[in-house]
file target.txt (compact mmCIF, C-alpha atoms)
# COMPACT_ATOMS: atom_id res chain seq x y z
CA MET A 1 9.80 -22.18 -23.49
CA ASN A 2 8.83 -21.76 -27.12
CA ALA A 3 5.42 -20.65 -28.37
CA GLU A 4 4.14 -24.19 -28.73
CA GLN A 5 5.20 -25.13 -25.21
CA ILE A 6 3.61 -21.97 -23.79
CA ALA A 7 0.33 -22.73 -25.58
CA GLN A 8 0.39 -26.25 -24.17
CA ALA A 9 1.11 -24.95 -20.66
CA ASN A 10 -1.84 -22.55 -20.87
CA ALA A 11 -4.13 -25.36 -21.98
CA GLU A 12 -3.00 -27.54 -19.08
CA LEU A 13 -3.17 -24.79 -16.45
CA ARG A 14 -6.54 -23.31 -17.40
CA GLY A 15 -9.02 -24.08 -14.66
CA ARG A 16 -6.38 -24.96 -12.08
CA SER A 17 -6.23 -23.16 -8.75
CA PRO A 18 -3.76 -20.30 -8.28
CA ARG A 19 -1.78 -22.47 -5.87
CA LYS A 20 -1.42 -25.24 -8.46
CA ILE A 21 -0.28 -22.67 -11.02
CA VAL A 22 2.29 -21.26 -8.59
CA GLU A 23 3.55 -24.77 -7.85
CA TRP A 24 3.95 -25.37 -11.60
CA ALA A 25 5.74 -22.04 -12.07
CA VAL A 26 8.16 -22.60 -9.19
CA ALA A 27 9.01 -26.04 -10.56
CA GLN A 28 9.84 -24.52 -13.95
CA ALA A 29 12.08 -21.87 -12.36
CA ARG A 30 14.46 -24.26 -10.58
CA GLY A 31 15.17 -21.80 -7.81
CA ARG A 32 14.95 -18.63 -9.89
CA ALA A 33 11.34 -17.47 -9.48
CA ILE A 34 10.19 -14.12 -8.14
CA VAL A 35 6.85 -12.43 -7.60
CA SER A 36 6.32 -8.71 -8.19
CA THR A 37 3.88 -6.51 -6.32
CA ASN A 38 2.82 -2.88 -6.05
CA PHE A 39 0.51 -3.43 -3.04
CA ARG A 40 -2.54 -2.31 -5.00
CA PRO A 41 -6.00 -3.72 -4.15
CA TYR A 42 -6.12 -7.53 -3.97
CA GLU A 43 -2.32 -7.97 -4.18
CA ALA A 44 -2.36 -9.80 -0.85
CA VAL A 45 -4.15 -12.68 -2.57
CA LEU A 46 -1.25 -13.70 -4.80
CA LEU A 47 1.34 -12.95 -2.12
CA HIS A 48 -0.48 -15.26 0.29
CA VAL A 49 -0.72 -18.02 -2.33
CA VAL A 50 2.98 -17.70 -3.15
CA ILE A 51 4.22 -18.05 0.41
CA GLN A 52 2.20 -21.26 0.83
CA VAL A 53 4.37 -22.74 -1.92
CA GLN A 54 7.72 -21.04 -1.20
CA PRO A 55 7.82 -18.83 1.91
CA ASP A 56 11.15 -17.19 1.01
CA LEU A 57 10.32 -16.39 -2.62
CA PRO A 58 11.77 -12.94 -3.45
CA VAL A 59 9.10 -10.23 -3.71
CA LEU A 60 10.12 -7.40 -6.06
CA TRP A 61 8.58 -4.04 -5.20
CA VAL A 62 9.37 -0.77 -6.93
CA ASP A 63 8.66 2.07 -4.52
CA HIS A 64 8.53 5.07 -6.83
CA GLY A 65 7.98 7.40 -3.87
CA TYR A 66 4.48 8.54 -4.84
CA ASN A 67 2.38 5.99 -2.98
CA GLN A 68 -0.38 7.14 -0.68
CA PRO A 69 0.33 6.91 3.08
CA ALA A 70 -2.32 4.18 3.33
CA THR A 71 -0.49 2.13 0.72
CA TYR A 72 2.78 2.32 2.63
CA ARG A 73 1.02 1.26 5.83
CA HIS A 74 -0.68 -1.58 3.94
CA ALA A 75 2.64 -2.72 2.44
CA GLU A 76 4.22 -2.86 5.88
CA GLU A 77 1.26 -4.78 7.34
CA VAL A 78 1.29 -7.36 4.53
CA ARG A 79 5.07 -7.72 4.72
CA ARG A 80 4.92 -8.32 8.46
CA ARG A 81 1.91 -10.64 8.47
CA LEU A 82 3.12 -12.82 5.61
CA GLY A 83 6.82 -12.66 6.44
CA LEU A 84 7.62 -11.54 2.91
CA ASN A 85 11.15 -11.70 1.54
CA LEU A 86 10.67 -8.17 0.24
CA LYS A 87 13.19 -6.74 -2.20
CA ALA A 88 12.45 -3.03 -2.57
CA PHE A 89 13.98 -0.99 -5.38
CA VAL A 90 13.75 2.77 -5.64
CA PRO A 91 14.43 5.19 -8.52
CA ARG A 92 17.81 6.87 -8.79
CA MET A 93 15.93 10.18 -8.59
CA THR A 94 13.89 10.87 -5.47
CA ALA A 95 10.30 12.05 -5.67
CA ALA A 96 11.35 15.47 -4.32
CA HIS A 97 14.02 15.75 -7.02
CA TYR A 98 11.59 14.74 -9.77
CA ASN A 99 9.01 17.23 -8.50
CA ALA A 100 11.53 20.07 -8.52
CA VAL A 101 12.91 19.33 -12.00
CA HIS A 102 9.81 18.09 -13.83
CA GLY A 103 6.96 19.64 -11.89
CA GLY A 104 5.80 16.44 -10.23
CA ALA A 105 3.92 13.39 -11.45
CA PRO A 106 1.82 14.17 -14.56
CA GLU A 107 -1.91 14.69 -14.32
CA PRO A 108 -3.87 11.76 -15.79
CA THR A 109 -5.03 13.36 -19.05
CA ALA A 110 -4.75 12.24 -22.67
CA GLU A 111 -2.62 15.29 -23.42
CA ASN A 112 -0.05 14.13 -20.88
CA GLU A 113 0.53 10.67 -22.37
CA GLU A 114 4.18 11.31 -23.26
CA ARG A 115 4.86 12.91 -19.87
CA ILE A 116 3.31 9.92 -18.13
CA LYS A 117 5.51 7.54 -20.14
CA ALA A 118 8.60 9.62 -19.33
CA PHE A 119 7.69 9.55 -15.64
CA SER A 120 7.19 5.78 -15.75
CA ALA A 121 10.52 5.20 -17.51
CA VAL A 122 12.49 7.07 -14.82
CA MET A 123 10.52 6.31 -11.68
CA LYS A 124 9.23 2.79 -12.30
CA LEU A 125 10.72 0.99 -15.31
CA GLU A 126 14.38 1.73 -14.57
CA PRO A 127 14.28 0.50 -10.95
CA PHE A 128 12.19 -2.49 -12.01
CA GLN A 129 14.78 -3.35 -14.66
CA ARG A 130 17.51 -3.04 -12.02
CA GLY A 131 15.60 -5.37 -9.74
CA MET A 132 15.13 -7.93 -12.50
CA ARG A 133 18.82 -7.81 -13.34
CA GLU A 134 19.85 -8.28 -9.71
CA LEU A 135 17.36 -11.06 -8.93
CA ALA A 136 17.76 -12.64 -12.41
CA PRO A 137 14.54 -14.67 -12.48
CA THR A 138 13.67 -17.18 -15.14
CA VAL A 139 10.02 -17.10 -13.97
CA TRP A 140 8.19 -13.92 -12.99
CA LEU A 141 4.92 -14.34 -11.07
CA THR A 142 2.45 -11.47 -11.43
CA ALA A 143 -1.05 -10.58 -10.23
CA LEU A 144 -2.23 -9.68 -13.74
CA ARG A 145 -5.90 -10.43 -14.36
CA ARG A 146 -7.87 -10.65 -17.57
CA ILE A 147 -10.52 -8.16 -16.44
CA GLN A 148 -8.14 -5.33 -15.55
CA ASN A 149 -7.79 -3.65 -18.95
CA PRO A 150 -7.92 -4.43 -22.70
CA ASN A 151 -4.18 -5.05 -22.99
CA ARG A 152 -4.25 -7.69 -20.27
CA ALA A 153 -7.32 -9.36 -21.74
CA GLY A 154 -5.12 -10.31 -24.70
CA LEU A 155 -2.55 -12.09 -22.51
CA ASP A 156 -2.79 -15.50 -20.84
CA ILE A 157 -1.75 -17.34 -17.69
CA VAL A 158 1.69 -18.01 -19.14
CA SER A 159 3.43 -15.72 -21.60
CA ALA A 160 6.95 -14.92 -22.76
CA ASP A 161 7.91 -11.46 -21.52
CA ALA A 162 9.87 -9.55 -24.15
CA ASN A 163 10.64 -6.57 -21.91
CA PHE A 164 12.53 -8.42 -19.18
CA GLY A 165 13.32 -11.82 -20.69
CA ALA A 166 11.47 -14.00 -18.20
CA LEU A 167 8.57 -16.43 -18.40
CA LYS A 168 5.62 -14.46 -17.01
CA VAL A 169 3.04 -16.46 -15.05
CA SER A 170 -0.21 -14.96 -13.73
CA PRO A 171 -1.86 -17.43 -11.32
CA VAL A 172 -5.03 -15.32 -10.71
CA PHE A 173 -5.41 -14.36 -14.37
CA ASP A 174 -8.98 -15.69 -14.67
CA TRP A 175 -10.25 -14.57 -11.26
CA ASP A 176 -12.79 -11.75 -11.00
CA ASP A 177 -13.10 -9.28 -8.13
CA ALA A 178 -15.63 -11.47 -6.31
CA ALA A 179 -13.21 -14.41 -6.25
CA MET A 180 -10.39 -12.17 -5.01
CA GLU A 181 -12.62 -10.68 -2.30
CA ALA A 182 -13.74 -14.14 -1.18
CA TYR A 183 -10.11 -15.26 -0.85
CA LEU A 184 -9.24 -12.20 1.25
CA GLN A 185 -12.15 -12.87 3.57
CA GLU A 186 -11.44 -16.60 3.83
CA HIS A 187 -7.85 -15.98 4.90
CA GLN A 188 -8.53 -12.73 6.78
CA LEU A 189 -6.12 -10.74 4.66
CA PRO A 190 -6.00 -6.93 4.49
CA ASN A 191 -6.86 -4.91 1.40
CA GLU A 192 -6.12 -1.31 0.41
CA TRP A 193 -8.34 0.96 -1.69
CA ASP A 194 -6.41 4.24 -1.48
CA TYR A 195 -3.84 3.04 -4.04
CA PHE A 196 -2.89 5.31 -6.94
CA ASP A 197 -0.09 4.77 -9.46
CA PRO A 198 0.96 7.95 -11.32
CA ALA A 199 2.92 5.78 -13.76
CA LYS A 200 -0.44 4.46 -15.00
CA ALA A 201 -2.71 7.42 -14.24
CA ASP A 202 -5.84 5.35 -14.87
CA GLU A 203 -6.84 1.69 -14.90
CA LYS A 204 -7.22 1.45 -18.68
CA ARG A 205 -3.60 2.09 -19.57
CA GLU A 206 -0.30 0.39 -18.78
CA CYS A 207 2.72 1.76 -16.93
CA GLY A 208 5.00 -0.05 -19.37
CA LEU A 209 5.88 -3.18 -17.42
CA HIS A 210 3.43 -5.26 -19.44
CA ALA A 211 3.24 -3.25 -22.67
CA ALA A 212 5.48 -3.20 -25.75
CA TRP A 213 6.37 0.50 -25.38
CA GLY A 214 7.90 -0.27 -21.99
CA GLY A 215 10.54 -2.42 -23.65
CA GLN A 216 11.79 0.57 -25.63
CA ALA A 217 11.88 2.70 -22.48
CA VAL A 218 13.77 -0.01 -20.62
CA ALA A 219 16.33 -0.27 -23.44
CA LYS A 220 17.10 3.44 -23.07
CA SER A 221 17.48 3.26 -19.28
call {"tool": "encode", "arguments": {"input": "target.txt", "output": "C-alpha cells"}}
result
Amino acid sequence: MNAEQIAQANAELRGRSPRKIVEWAVAQARGRAIVSTNFRPYEAVLLHVVIQVQPDLPVLWVDHGYNQPATYRHAEEVRRRLGLNLKAFVPRMTAAHYNAVHGGAPEPTAENEERIKAFSAVMKLEPFQRGMRELAPTVWLTALRRIQNPNRAGLDIVSADANFGALKVSPVFDWDDAAMEAYLQEHQLPNEWDYFDPAKADEKRECGLHAAWGGQAVAKS
C-alpha cells in the first residue's frame, strides 16, 4: 500500500472494533498475516481477538531468554488456553553465553543506551528478523497502543514498516488500559504484571522493533 492508501485505510478503520480491524488486516494479507507477541501485560487481548478471526494465525514470539518465570508461565497458559499457533524464535547466543561474554543484560540507565541497543540487536532483533524471513508476512499484527510511549503516539492503526517490509496493523492502537482491562475481565483472560524486557529497559524507549534505529541494527545482523 502506498502512503495515500494507508491514510485512507486509517480514516476508514478509526473507531472500528479491534476484531473488525483484524478482519480487514487478514483480508489484505491473503494468507500471509502474522501476529507478534512478547506476553507482556494485556497481550492476551489481541491474541484472543486474532484467534476469533483466524485460529491458526502464526504467532511470532522472540524468547530472548531473560523473561521472568511468571512471564514464561503466563505464556504457556495463554498458549494452551487459546490454542495458539506459536512460532518461537530464540537468539543464536544463549542468555548464559551473553552473560559470560558481555556481563549480562545492561542496567536501565541513560549511560547504558548503546549497551542496551547492542543487547537488543543480538538477543531480540536478530531472532525477530529471522522469524519474519521464515514466516514472510505481508501483514504484521501488533499490540502497539498510542498511550505506551511518545514514539508510538506518532504512529497509527496502519503503517508501512521500514524495518521488516510488512504492513503493520495495530488493532488496539486507540484503546487505553481501562478498555484492555475490561476486555480481559469480559473474556476471563489471564494477565501478567511481572514482565520486564531488558531490550527496552523502561517503558519510554523502544527495543528497536518499532524504531528507525532498529532497521540499522537489523541490516547488520
call {"tool": "atom_distance", "arguments": {"input": "target.txt", "atom1": "atom CA of Pro41 of chain A", "atom2": "atom CA of Glu192 of chain A"}}
result
5.2 Å
call {"tool": "residues_around", "arguments": {"input": "target.txt", "residues": "Gln188 of chain A", "least_positions_apart": "4", "cutoff": "12 Å", "atoms": "only C-alpha atoms", "output": "PyMOL selection string"}}
result
chain A and resi 44-45+48+78+81-82+180-184
call {"tool": "residues_near_point", "arguments": {"input": "target.txt", "point": "(2.4, -18.5, -20.0)", "cutoff": "6 Å", "atoms": "all atoms listed in the file", "output": "ChimeraX atom specification"}}
result
/A:6,10,157-159,168-169
call {"tool": "residues_around", "arguments": {"input": "target.txt", "residues": "Val26 of chain A", "least_positions_apart": "4", "cutoff": "12 Å", "atoms": "only C-alpha atoms", "output": "list in words"}}
result
Arg19, Lys20, Ile21, Val22, Arg30, Gly31, Arg32, Ala33, Ile34, Val35, Val50, Ile51, Gln52, Val53, Gln54, Pro55, Asp56, Leu57, Pro58, Pro137, Thr138, Val139, Trp140, Leu141, Leu167, Lys168, Val169 and Pro171 of chain A
call {"tool": "closest_residue", "arguments": {"input": "target.txt", "among": "A:Glu12, A:Thr37, A:Pro108, A:Ala199", "to": "Val122 of chain A", "atoms": "all atoms listed in the file"}}
result
A:Ala199
call {"tool": "atom_distance", "arguments": {"input": "target.txt", "atom1": "atom CA of Phe128 of chain A", "atom2": "atom CA of Gln5 of chain A"}}
result
27.1 Å
call {"tool": "closest_residue", "arguments": {"input": "target.txt", "among": "A:Leu209, A:Leu86, A:Val172, A:Ala160", "to": "Arg146 of chain A", "atoms": "all atoms listed in the file"}}
result
A:Val172
call {"tool": "atom_distance", "arguments": {"input": "target.txt", "atom1": "atom CA of Tyr195 of chain A", "atom2": "atom CA of Ala70 of chain A"}}
result
7.6 Å
call {"tool": "residues_near_point", "arguments": {"input": "target.txt", "point": "(-2.6, -12.8, -16.1)", "cutoff": "6 Å", "atoms": "only C-alpha atoms", "output": "list in words"}}
result
Leu144, Arg145, Arg146, Asp156, Ile157, Ser170 and Phe173 of chain A
call {"tool": "closest_residue", "arguments": {"input": "target.txt", "among": "A:Ala88, A:Leu155, A:Asp174, A:Trp193", "to": "Gly15 of chain A", "atoms": "all atoms listed in the file"}}
result
A:Asp174
call {"tool": "residues_around", "arguments": {"input": "target.txt", "residues": "Asp197 of chain A", "least_positions_apart": "5", "cutoff": "12 Å", "atoms": "all atoms listed in the file", "output": "count of residues only"}}
result
26
call {"tool": "closest_residue", "arguments": {"input": "target.txt", "among": "A:Ala136, A:Gln148, A:Asp177, A:Phe89", "to": "Gly165 of chain A", "atoms": "all atoms listed in the file"}}
result
A:Ala136
call {"tool": "axis_aligned_box", "arguments": {"input": "target.txt", "around": "segment 194-199 of chain A", "padding_each_side": "6 Å", "output": "AutoDock Vina command-line options"}}
result
--center_x -1.7 --center_y 5.5 --center_z -7.6 --size_x 21.3 --size_y 16.9 --size_z 24.3
call {"tool": "closest_residue", "arguments": {"input": "target.txt", "among": "A:His97, A:Lys200, A:Arg14, A:Glu77", "to": "Glu114 of chain A", "atoms": "all atoms listed in the file"}}
result
A:Lys200
